[in-house]
Every structure is written in C-alpha cells, then in structure tokens.
Amino acid sequence: TAALVFGFSATFWSQAVIAEVYTLHIFFFALNLLILLHWKEKQDVGDLKHIKWLYLFSFTYGLSLTNHLLSLLLAPAFLVYIFIKSFENLKLKMNIELFKPKFIAKMFFFFILGLIPLIYLPLRSRMNPAIDYGNPETLRQLFWVISGKGFSPHIAFSFKQLILGMIHFFNSVRLNFTVLFIIITLIGIIFLFKKKKLEFTLFAFALVTSSIVF
C-alpha cells in the first residue's frame with residue numbers, strides 16, 4: 001500500500017513520466033535496501049553464504065552511481081548499517097571474515113565492476129551525438145562529468161543548508177500526501193524505532209545525508 005501511495009504521489013509521478021534520472025535512482029535505492037535487508041535476514045538465520053549478498057550490494061551500489069551521484073549521499077547510511085550489524089555479530093564471534101582485507105578487496109572489486117557503464121561515456125562522445133553533455137572525450141572532461149562538477153552549486157555541506165534541506169523535504173511530504181497518510185507514517189516510524197532500531201538508523205541516516213542537496 002505504501003509503495004502504491006508513493007508511486008502515485010504528485011512529485012514522483014511527475015518525474016516518472018519524463019526522461020529523468022530520479023525514477024531509476026529510487027529503483028536503485030530500493031534495490032540496494034532490499035539486498036541489505038536480505039543480507040541481514042540471512043545472517044540472522046545463520047546462513048554461511050550471506051556474504052554473497054554483500055558482494056551483490058557492492059555491485060548494484062556501484063551501478064547506481066553511474067545513474068546519479070545522489071546515491072553517493074546514501075553511502076554513510078549503508079556503511080553504518082553494515083558496520084553495526086557486523087559488529088554485533090563480531091561480539092558473538094560471527095562475521096569475523098567481514099573485517100579481513102580479502103573480503104574488503106572483493107567488495108571493492110564488485111563495486112568497480114558496477115562502474116563499468118561509465119566507460120561508454122567517452123566512447124559515445126567520440127561519435128559526436130546531438131546531446132554530448134560535458135564532451136567527456138578526455139580524462140579531464142570525463143572526471144568533470146562523473147564528479148558532477150556542473151551541479152556543485154546545488155550542493156552545500158553547511159549546517160544551515162542541511163536544516164533548509166530537511167524543511168524542504170518535510171514540506172514536500174506535506175504537499176504530496178494527505179494528513180491521514182502522514183499520521184500513519186509517523187506511527188510506522190515509531191514502531192520501527194521500537195522494534196527495529198537498526199533499520200530505523202538506516203533510514204534516519206539516509207534522510208539526513210540526502211538533505212544536503214536542495
């Protein structure tokens with residue numbers, strides 16, 4: 001029900017019916033979130049193959065960055081979630097392998113593998129297409145496009161901008177959803193905090209870090 005309400009909200013619908021990056025960005029966020037939750041579930045039942053889900057997450061997260069750099073702002077939330085869950089199990093003498101260099105190196109490999117679509121940018125640019133944003137034919141121009149230098153004026157890391165970004169977010173929620181839905185959402189947030197604090201931390205971090213973009 002929540003997914004349907006969100007899918008038909010004014011802001012999301014306005015972006016879904018045009019050629020924009022935000023719909024795919026939401027898809028990758030949901031996919032990465034699903035993979036992490038599945039990884040946690042596999043850990044909780046003692047599945048020894050749970051590490052494969054982190055490899056998959058590394059790949060899909062890298063892939064999400066090829067769509068939009070907003071995914072970079074979700075990195076702190078994802079890392080905190082993985083670290084806290086892994087540290088909990090480390091106390092129980094589980095998941096010791098997650099802190100080994102070999103495991104970290106494998107995650108980094110799959111992350112880089114997800115970035116491979118970026119290679120297409122200079123190849124396509126050399127064909128002189130009608131729309132050639134940034135003309136990424138050289139390493140300098142490719143870095144300019146990948147790093148989002150053209151959008152840097154829209155990103156601020158000040159505390160003031162963080163507060164303004166969160167105000168804008170909550171105002172957008174108010175305009176897109178009814179009072180009843182907002183009340184139900186608040187009840188769900190309270191339930192999440194009481195029953196699943198780790199997942200609450202994940203969503204809270206994602207909200208705060210994403211609010212620096214206005």
# chains A, B, ... in the order shown; residues from 1 in each chain; ligands from 1
$ residues_around --residues "Phe12 of chain A" --least-positions-apart "5" --cutoff "12 Å" --atoms "only C-alpha atoms" --output "count of residues only"
19
$ residues_around --residues "segment 56-63 of chain A" --least-positions-apart "4" --cutoff "9 Å" --atoms "only C-alpha atoms" --output "list in words"
Phe28, Phe29, Leu31, Asn32, Leu33, Ile35, Leu36, Ile51, Lys52, Asn67, Ser71, Leu72, Ala75, Met107, Phe108, Phe109, Phe110, Phe111, Ile112, Leu113, Gly114, Leu115, Ile116 and Pro117 of chain A
$ residues_around --residues "Arg124 of chain A" --least-positions-apart "5" --cutoff "9 Å" --atoms "only C-alpha atoms" --output "NGL selection string"
:A and (129 or 132 or 136-137)
$ closest_residue --among "A:Leu121, A:Gly165, A:Ala19, A:Ala30" --to "Leu74 of chain A" --atoms "only C-alpha atoms"
A:Ala30
$ residues_around --residues "Val145 of chain A" --least-positions-apart "6" --cutoff "12 Å" --atoms "only C-alpha atoms" --output "tab-separated table (two decimals) with N, CA, C and O atoms, in the first residue's frame"
chain	number	residue	atom	x	y	z
A	66	THR	N	26.42	5.17	-11.46
A	66	THR	CA	26.50	5.50	-12.88
A	66	THR	C	25.22	6.19	-13.35
A	66	THR	O	25.20	6.78	-14.43
A	67	ASN	N	24.17	6.09	-12.55
A	67	ASN	CA	22.91	6.76	-12.89
A	67	ASN	C	22.86	8.16	-12.30
A	67	ASN	O	22.52	9.12	-13.01
A	68	HIS	N	23.19	8.30	-11.01
A	68	HIS	CA	23.12	9.61	-10.36
A	68	HIS	C	24.01	9.64	-9.12
A	68	HIS	O	24.03	8.67	-8.34
A	69	LEU	N	24.71	10.76	-8.94
A	69	LEU	CA	25.62	10.89	-7.80
A	69	LEU	C	24.88	11.06	-6.47
A	69	LEU	O	25.50	11.03	-5.41
A	118	LEU	N	30.34	3.52	-17.12
A	118	LEU	CA	30.91	4.84	-17.34
A	118	LEU	C	31.88	4.87	-18.52
A	118	LEU	O	32.13	5.93	-19.10
A	121	LEU	N	30.72	6.49	-21.80
A	121	LEU	CA	30.64	7.93	-22.00
A	121	LEU	C	31.65	8.47	-23.01
A	121	LEU	O	31.25	9.16	-23.96
A	122	PRO	N	32.96	8.23	-22.83
A	122	PRO	CA	33.90	8.75	-23.83
A	122	PRO	C	33.75	8.09	-25.20
A	122	PRO	O	33.98	8.72	-26.24
A	125	SER	N	30.82	9.80	-26.77
A	125	SER	CA	31.14	11.21	-27.03
A	125	SER	C	31.96	11.37	-28.31
A	125	SER	O	31.80	12.37	-29.03
A	132	ASP	N	25.71	15.98	-26.12
A	132	ASP	CA	27.00	15.49	-25.64
A	132	ASP	C	27.41	16.28	-24.40
A	132	ASP	O	28.30	17.12	-24.45
A	133	TYR	N	26.74	16.01	-23.29
A	133	TYR	CA	26.96	16.77	-22.06
A	133	TYR	C	28.40	16.64	-21.56
A	133	TYR	O	28.88	15.54	-21.30
A	134	GLY	N	29.06	17.76	-21.44
A	134	GLY	CA	30.42	17.78	-20.92
A	134	GLY	C	31.50	17.34	-21.89
A	134	GLY	O	32.68	17.46	-21.60
A	135	ASN	N	31.09	16.80	-23.03
A	135	ASN	CA	32.04	16.31	-24.04
A	135	ASN	C	33.18	15.50	-23.39
A	135	ASN	O	34.36	15.86	-23.48
A	136	PRO	N	32.85	14.37	-22.75
A	136	PRO	CA	33.85	13.61	-21.98
A	136	PRO	C	34.80	12.75	-22.80
A	136	PRO	O	34.94	11.54	-22.58
A	137	GLU	N	35.47	13.37	-23.75
A	137	GLU	CA	36.40	12.62	-24.58
A	137	GLU	C	37.79	12.52	-23.95
A	137	GLU	O	38.55	11.61	-24.25
A	138	THR	N	38.13	13.47	-23.07
A	138	THR	CA	39.41	13.44	-22.38
A	138	THR	C	39.18	13.02	-20.93
A	138	THR	O	38.06	13.08	-20.42
A	139	LEU	N	40.26	12.61	-20.25
A	139	LEU	CA	40.14	12.21	-18.85
A	139	LEU	C	39.67	13.37	-17.98
A	139	LEU	O	38.90	13.17	-17.04
A	151	PHE	N	27.01	20.39	-11.21
A	151	PHE	CA	25.92	20.53	-10.25
A	151	PHE	C	26.40	20.98	-8.88
A	151	PHE	O	25.61	21.05	-7.95
A	152	SER	N	27.69	21.26	-8.74
A	152	SER	CA	28.25	21.63	-7.44
A	152	SER	C	27.59	22.84	-6.80
A	152	SER	O	27.50	22.92	-5.58
$ closest_residue --among "A:Leu34, A:Thr11, A:Leu48, A:Val80" --to "Leu198 of chain A" --atoms "only C-alpha atoms"
A:Val80
$ decode --residues "segment 53-66 of chain A" --atoms "all heavy atoms" --output "PDB file, in the first residue's frame"
ATOM      1  N   TRP A  53      25.595 -11.755  -0.584  1.00  0.00           N
ATOM      2  CA  TRP A  53      24.647 -10.654  -0.736  1.00  0.00           C
ATOM      3  C   TRP A  53      25.341  -9.302  -0.615  1.00  0.00           C
ATOM      4  O   TRP A  53      24.914  -8.317  -1.231  1.00  0.00           O
ATOM      5  CB  TRP A  53      23.528 -10.786   0.289  1.00  0.00           C
ATOM      6  CG  TRP A  53      22.626 -11.923  -0.025  1.00  0.00           C
ATOM      7  CD1 TRP A  53      22.687 -13.194   0.480  1.00  0.00           C
ATOM      8  CD2 TRP A  53      21.557 -11.937  -0.981  1.00  0.00           C
ATOM      9  NE1 TRP A  53      21.716 -13.978  -0.087  1.00  0.00           N
ATOM     10  CE2 TRP A  53      21.003 -13.234  -0.997  1.00  0.00           C
ATOM     11  CE3 TRP A  53      21.017 -10.965  -1.820  1.00  0.00           C
ATOM     12  CZ2 TRP A  53      19.933 -13.584  -1.809  1.00  0.00           C
ATOM     13  CZ3 TRP A  53      19.949 -11.316  -2.635  1.00  0.00           C
ATOM     14  CH2 TRP A  53      19.426 -12.606  -2.624  1.00  0.00           C
ATOM     15  N   LEU A  54      26.419  -9.244   0.158  1.00  0.00           N
ATOM     16  CA  LEU A  54      27.192  -8.007   0.244  1.00  0.00           C
ATOM     17  C   LEU A  54      27.978  -7.762  -1.039  1.00  0.00           C
ATOM     18  O   LEU A  54      28.167  -6.617  -1.442  1.00  0.00           O
ATOM     19  CB  LEU A  54      28.147  -8.060   1.439  1.00  0.00           C
ATOM     20  CG  LEU A  54      27.527  -7.803   2.813  1.00  0.00           C
ATOM     21  CD1 LEU A  54      28.610  -7.780   3.875  1.00  0.00           C
ATOM     22  CD2 LEU A  54      26.743  -6.496   2.836  1.00  0.00           C
ATOM     23  N   TYR A  55      28.429  -8.827  -1.677  1.00  0.00           N
ATOM     24  CA  TYR A  55      29.087  -8.678  -2.972  1.00  0.00           C
ATOM     25  C   TYR A  55      28.097  -8.133  -4.002  1.00  0.00           C
ATOM     26  O   TYR A  55      28.435  -7.251  -4.805  1.00  0.00           O
ATOM     27  CB  TYR A  55      29.644 -10.020  -3.447  1.00  0.00           C
ATOM     28  CG  TYR A  55      30.773 -10.568  -2.599  1.00  0.00           C
ATOM     29  CD1 TYR A  55      30.957 -11.938  -2.456  1.00  0.00           C
ATOM     30  CD2 TYR A  55      31.642  -9.711  -1.937  1.00  0.00           C
ATOM     31  CE1 TYR A  55      31.992 -12.446  -1.677  1.00  0.00           C
ATOM     32  CE2 TYR A  55      32.679 -10.204  -1.156  1.00  0.00           C
ATOM     33  CZ  TYR A  55      32.849 -11.569  -1.028  1.00  0.00           C
ATOM     34  OH  TYR A  55      33.870 -12.074  -0.261  1.00  0.00           O
ATOM     35  N   LEU A  56      26.885  -8.666  -3.968  1.00  0.00           N
ATOM     36  CA  LEU A  56      25.839  -8.185  -4.877  1.00  0.00           C
ATOM     37  C   LEU A  56      25.514  -6.726  -4.589  1.00  0.00           C
ATOM     38  O   LEU A  56      25.339  -5.918  -5.512  1.00  0.00           O
ATOM     39  CB  LEU A  56      24.578  -9.040  -4.737  1.00  0.00           C
ATOM     40  CG  LEU A  56      23.378  -8.633  -5.596  1.00  0.00           C
ATOM     41  CD1 LEU A  56      23.735  -8.696  -7.079  1.00  0.00           C
ATOM     42  CD2 LEU A  56      22.165  -9.508  -5.299  1.00  0.00           C
ATOM     43  N   PHE A  57      25.442  -6.370  -3.309  1.00  0.00           N
ATOM     44  CA  PHE A  57      25.183  -4.979  -2.928  1.00  0.00           C
ATOM     45  C   PHE A  57      26.285  -4.060  -3.449  1.00  0.00           C
ATOM     46  O   PHE A  57      25.994  -2.963  -3.961  1.00  0.00           O
ATOM     47  CB  PHE A  57      25.090  -4.859  -1.407  1.00  0.00           C
ATOM     48  CG  PHE A  57      25.158  -3.441  -0.930  1.00  0.00           C
ATOM     49  CD1 PHE A  57      24.056  -2.608  -1.043  1.00  0.00           C
ATOM     50  CD2 PHE A  57      26.334  -2.932  -0.393  1.00  0.00           C
ATOM     51  CE1 PHE A  57      24.125  -1.280  -0.628  1.00  0.00           C
ATOM     52  CE2 PHE A  57      26.409  -1.617   0.026  1.00  0.00           C
ATOM     53  CZ  PHE A  57      25.312  -0.790  -0.087  1.00  0.00           C
ATOM     54  N   SER A  58      27.542  -4.466  -3.322  1.00  0.00           N
ATOM     55  CA  SER A  58      28.661  -3.657  -3.806  1.00  0.00           C
ATOM     56  C   SER A  58      28.520  -3.375  -5.293  1.00  0.00           C
ATOM     57  O   SER A  58      28.766  -2.253  -5.756  1.00  0.00           O
ATOM     58  CB  SER A  58      29.992  -4.373  -3.534  1.00  0.00           C
ATOM     59  OG  SER A  58      30.172  -4.569  -2.159  1.00  0.00           O
ATOM     60  N   PHE A  59      28.108  -4.398  -6.047  1.00  0.00           N
ATOM     61  CA  PHE A  59      27.930  -4.232  -7.493  1.00  0.00           C
ATOM     62  C   PHE A  59      26.773  -3.290  -7.817  1.00  0.00           C
ATOM     63  O   PHE A  59      26.926  -2.357  -8.612  1.00  0.00           O
ATOM     64  CB  PHE A  59      27.687  -5.600  -8.142  1.00  0.00           C
ATOM     65  CG  PHE A  59      27.339  -5.518  -9.597  1.00  0.00           C
ATOM     66  CD1 PHE A  59      28.313  -5.239 -10.539  1.00  0.00           C
ATOM     67  CD2 PHE A  59      26.029  -5.712 -10.021  1.00  0.00           C
ATOM     68  CE1 PHE A  59      27.988  -5.147 -11.895  1.00  0.00           C
ATOM     69  CE2 PHE A  59      25.693  -5.624 -11.364  1.00  0.00           C
ATOM     70  CZ  PHE A  59      26.679  -5.338 -12.307  1.00  0.00           C
ATOM     71  N   THR A  60      25.617  -3.515  -7.202  1.00  0.00           N
ATOM     72  CA  THR A  60      24.444  -2.690  -7.516  1.00  0.00           C
ATOM     73  C   THR A  60      24.622  -1.248  -7.024  1.00  0.00           C
ATOM     74  O   THR A  60      24.112  -0.320  -7.649  1.00  0.00           O
ATOM     75  CB  THR A  60      23.164  -3.275  -6.901  1.00  0.00           C
ATOM     76  OG1 THR A  60      23.329  -3.438  -5.483  1.00  0.00           O
ATOM     77  CG2 THR A  60      22.839  -4.616  -7.532  1.00  0.00           C
ATOM     78  N   TYR A  61      25.361  -1.074  -5.916  1.00  0.00           N
ATOM     79  CA  TYR A  61      25.612   0.285  -5.446  1.00  0.00           C
ATOM     80  C   TYR A  61      26.524   1.032  -6.416  1.00  0.00           C
ATOM     81  O   TYR A  61      26.295   2.200  -6.731  1.00  0.00           O
ATOM     82  CB  TYR A  61      26.236   0.278  -4.047  1.00  0.00           C
ATOM     83  CG  TYR A  61      26.499   1.672  -3.539  1.00  0.00           C
ATOM     84  CD1 TYR A  61      25.433   2.528  -3.221  1.00  0.00           C
ATOM     85  CD2 TYR A  61      27.787   2.160  -3.405  1.00  0.00           C
ATOM     86  CE1 TYR A  61      25.665   3.819  -2.787  1.00  0.00           C
ATOM     87  CE2 TYR A  61      28.026   3.451  -2.966  1.00  0.00           C
ATOM     88  CZ  TYR A  61      26.962   4.272  -2.655  1.00  0.00           C
ATOM     89  OH  TYR A  61      27.194   5.560  -2.228  1.00  0.00           O
ATOM     90  N   GLY A  62      27.562   0.343  -6.903  1.00  0.00           N
ATOM     91  CA  GLY A  62      28.419   0.953  -7.917  1.00  0.00           C
ATOM     92  C   GLY A  62      27.630   1.291  -9.172  1.00  0.00           C
ATOM     93  O   GLY A  62      27.803   2.360  -9.770  1.00  0.00           O
ATOM     94  N   LEU A  63      26.733   0.393  -9.556  1.00  0.00           N
ATOM     95  CA  LEU A  63      25.889   0.615 -10.724  1.00  0.00           C
ATOM     96  C   LEU A  63      24.978   1.824 -10.515  1.00  0.00           C
ATOM     97  O   LEU A  63      24.726   2.600 -11.449  1.00  0.00           O
ATOM     98  CB  LEU A  63      25.049  -0.635 -10.991  1.00  0.00           C
ATOM     99  CG  LEU A  63      24.397  -0.776 -12.372  1.00  0.00           C
ATOM    100  CD1 LEU A  63      25.454  -0.792 -13.461  1.00  0.00           C
ATOM    101  CD2 LEU A  63      23.565  -2.043 -12.428  1.00  0.00           C
ATOM    102  N   SER A  64      24.487   2.014  -9.293  1.00  0.00           N
ATOM    103  CA  SER A  64      23.595   3.146  -9.013  1.00  0.00           C
ATOM    104  C   SER A  64      24.312   4.480  -9.182  1.00  0.00           C
ATOM    105  O   SER A  64      23.700   5.482  -9.549  1.00  0.00           O
ATOM    106  CB  SER A  64      23.033   3.038  -7.589  1.00  0.00           C
ATOM    107  OG  SER A  64      24.040   3.256  -6.614  1.00  0.00           O
ATOM    108  N   LEU A  65      25.629   4.496  -8.940  1.00  0.00           N
ATOM    109  CA  LEU A  65      26.398   5.735  -9.095  1.00  0.00           C
ATOM    110  C   LEU A  65      26.557   6.129 -10.559  1.00  0.00           C
ATOM    111  O   LEU A  65      26.811   7.297 -10.867  1.00  0.00           O
ATOM    112  CB  LEU A  65      27.780   5.581  -8.446  1.00  0.00           C
ATOM    113  CG  LEU A  65      27.798   5.557  -6.918  1.00  0.00           C
ATOM    114  CD1 LEU A  65      29.203   5.252  -6.414  1.00  0.00           C
ATOM    115  CD2 LEU A  65      27.310   6.876  -6.340  1.00  0.00           C
ATOM    116  N   THR A  66      26.421   5.172 -11.455  1.00  0.00           N
ATOM    117  CA  THR A  66      26.500   5.501 -12.878  1.00  0.00           C
ATOM    118  C   THR A  66      25.225   6.187 -13.352  1.00  0.00           C
ATOM    119  O   THR A  66      25.201   6.781 -14.431  1.00  0.00           O
ATOM    120  CB  THR A  66      26.735   4.238 -13.737  1.00  0.00           C
ATOM    121  OG1 THR A  66      25.593   3.372 -13.638  1.00  0.00           O
ATOM    122  CG2 THR A  66      27.963   3.489 -13.257  1.00  0.00           C
TER     123      THR A  66
END
